[in-house]
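**Student:** Below is one structure. I have some questions about it.
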Amino acid sequence: MNDGKKLTASQREPVKIFEGHEERVLSIATFPDGKKIATGSLDKTIRIWRVEDGREMRKWVMKKNVTAMAILRDGMQVVSAVGDKDDLSEEKDFDKTVYWQLWVHDTGTGKVVAGPLDGHTNAVIALDISPDGGILASGSFDRTVILWDTITWQRKGHPLKCEAHVVYVRFSPTGQLLGVATDKHIQIWDFDRRERLAQFNGHTDFSRSWNLSLAWTRDGGRLLSAGDQHDSVIRSWDTSTWTQAGHPWTGHGDDINYIILNPAGTLLASASSDNTVRLWQCGTGIEVSRYEYSDEVARVAFSVDGCFIFSANDDGKTLQWEIPEDILAAACDALASQPRTEAGPPRRKQKREIPRQRRTMVDGHMPHIDTSRRGATHSWFQSSADANSFSYTRLHAVQRFFDKTQPSADTKGKQGRRLTRRTPEVVDVPLGQATVVCCFSYSFESETYCIHR
């Protein structure tokens with residue numbers, strides 16, 4: 001929402017370019033020391049980069065495509081989700097068994113700390129760590145979220161049954177709640193009690209858009225969400241009523257793949273398939289800066305000090321962008337002028353009810369909470385032609401996520417493939433002499449050697 005107060009400054013020249021990946025980069029994370037970033041790609045590698053000069057420090061070669069990643073233990077461990085994107089080429093593949101696994105690696109040595117962590121039976125593209133670092137949430141197209149104990153790497157209870165393809169997961173600032181974005185709804189869970197406290201359509205109410213990403217404000221009073229190309233806006237939801245707060249934040253012209261708050265909670269960055277990263281003032285929804293590139297942007301992250309943005313792009317490059325000082329100063333001034341509330345200690349073991357959202361469980365499920373906007377006329381009960389069109393749209397969205405290829409309507413002759421599950425091998429090599437590899441190969445300088453088992 002700009003309201004004629006557009007302050008946008010456009011930038012086309014990044015501060016630094018991190019080059020090495022050969023395919024789309026789908027995940028990026030900054031280390032707590034602010035000196036390193038990690039990226040995961042469809043080229044089946046995870047790479048760790050030194051921020052100071054953009055040098056690749058380590059490369060781990062995985063057996064399959066890396067679709068999500070998270071950093072924990074104060075930067076000591078990297079968690080990744082890996083699977084074969086080629087197993088998701090048709091609409092029916094959403095519901096077949098496609099094994100996706102989680103792996104935990106030691107950052108310094110590259111050795112496997114835990115894994116493979118099995119449980120999901122379709123693509124995993126969403127990982128998040130609780131504020132206290134004790135729980136990892138993994139969301140999957142198999143319609144579940146699995147919670148993992150980050151000490152034992154065992155599952156914590158039964159999976160959360162979300163009844164829709166899970167695209168994104170995000171813990172609340174206190175760690176008491178988990179926000180889940182799906183192709184149909186936005187859901188709010190009390191995961192300790194396995195209770196769905198709220199469910200609303202979100203962007204699905206607008207041209208049947210997918211809910212692609214979520215971000216909580218620091219005080220937990222608002223939940224921000226991003227939609228796909230059919231509703232390419234950011235919407236703000238009041239967490240006391242789960243109704244929309246204010247007008248949508250407009251500007252993007254294609255899928256908003258990812259949104260994230262800066263460390264101070266004053267600015268929001270959004271990565272889009274319209275080839276831009278945009279920076280928004282959280283209190284007003286005003287776009288204050290724009291970073292333009294020649295290819296689509298899949299993910300975005302802030303530097304630890306909040307002065308830079310890192311964008312992960314379709315061409316395999318990761319870019320570092322500078323945030324102008326006047327924008328940082330203006331965001332701080334805006335924060336100082338607003339009432340501040342504390343988010344509270346993490347993960348308090350107490351019951352919390354969200355106003356107007358408490359419902360009686362029916363057959364173990366939370367009844368649907370209708371917060372549809374007035375005037376919305378579409379229904380999930382569609383004509384045959386409309387349903388077929390929606391099915392294609394959903395498939396197209398998945399193809400855009402993985403490789404941006406137009407899905408073919410010709411399925412003749414295609415047959416399902418049975419996956420052969422093998423445990424990756426780790427080659428233990430001295431740091432500084434070789435690249436740490438998690439499968440079957442390693443490299444010295446510019447040459448690659450394979451180890452056949």
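Every chain in the structure tokens takes a letter, A first, then B, and so on in the order presented; its residues are numbered from 1, and the ligands are numbered from 1 following the presented order.
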Show me, as a compact mmCIF listing (two decimals) with C-alpha atoms, in the first residue's frame, the residues that have an atom within 7 Å of Val124 of chain A when counting only C-alpha atoms, minus same-chain residues fewer than 5 positions from it.
**Tutor:**
# COMPACT_ATOMS: atom_id res chain seq x y z
CA THR A 67 14.87 -27.68 -1.71
CA ALA A 81 15.74 -31.14 2.76
CA TRP A 100 12.15 -36.66 0.68
CA SER A 138 9.36 -29.45 8.24
CA GLY A 139 6.39 -28.87 5.93
CA SER A 140 5.62 -31.04 2.92
CA PHE A 141 3.35 -31.47 -0.07
**Student:** With only C-alpha atoms as the basis for distance, which of A:Gly221, A:Gly119, A:Gly157, A:Gly202 is at the shortest distance from Val180 of chain A?
**Tutor:**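 Using only C-alpha atoms, the shortest distance to Val180 of chain A belongs to A:Gly202.
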**Student:** Taking the DSSP secondary structure from the backbone, can you list the residues of segment 260-290 of chain A that are strand (DSSP E), as a list in words?
**Tutor:**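 Residues meeting the strand (DSSP E) criterion: Ile260, Leu261, Leu267, Leu268, Ala269, Ser270, Ala271, Ser272, Thr276, Val277, Arg278, Leu279, Trp280, Gln281, Ile286, Glu287, Val288, Ser289 and Arg290 of chain A.
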**Student:** When you count only C-alpha atoms, which of these residues is closest to Trp148 of chain A: A:Ala38, A:Leu117, A:Ala330, A:Leu177?
**Tutor:**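 Closest to Trp148 of chain A of all the choices is A:Leu117.
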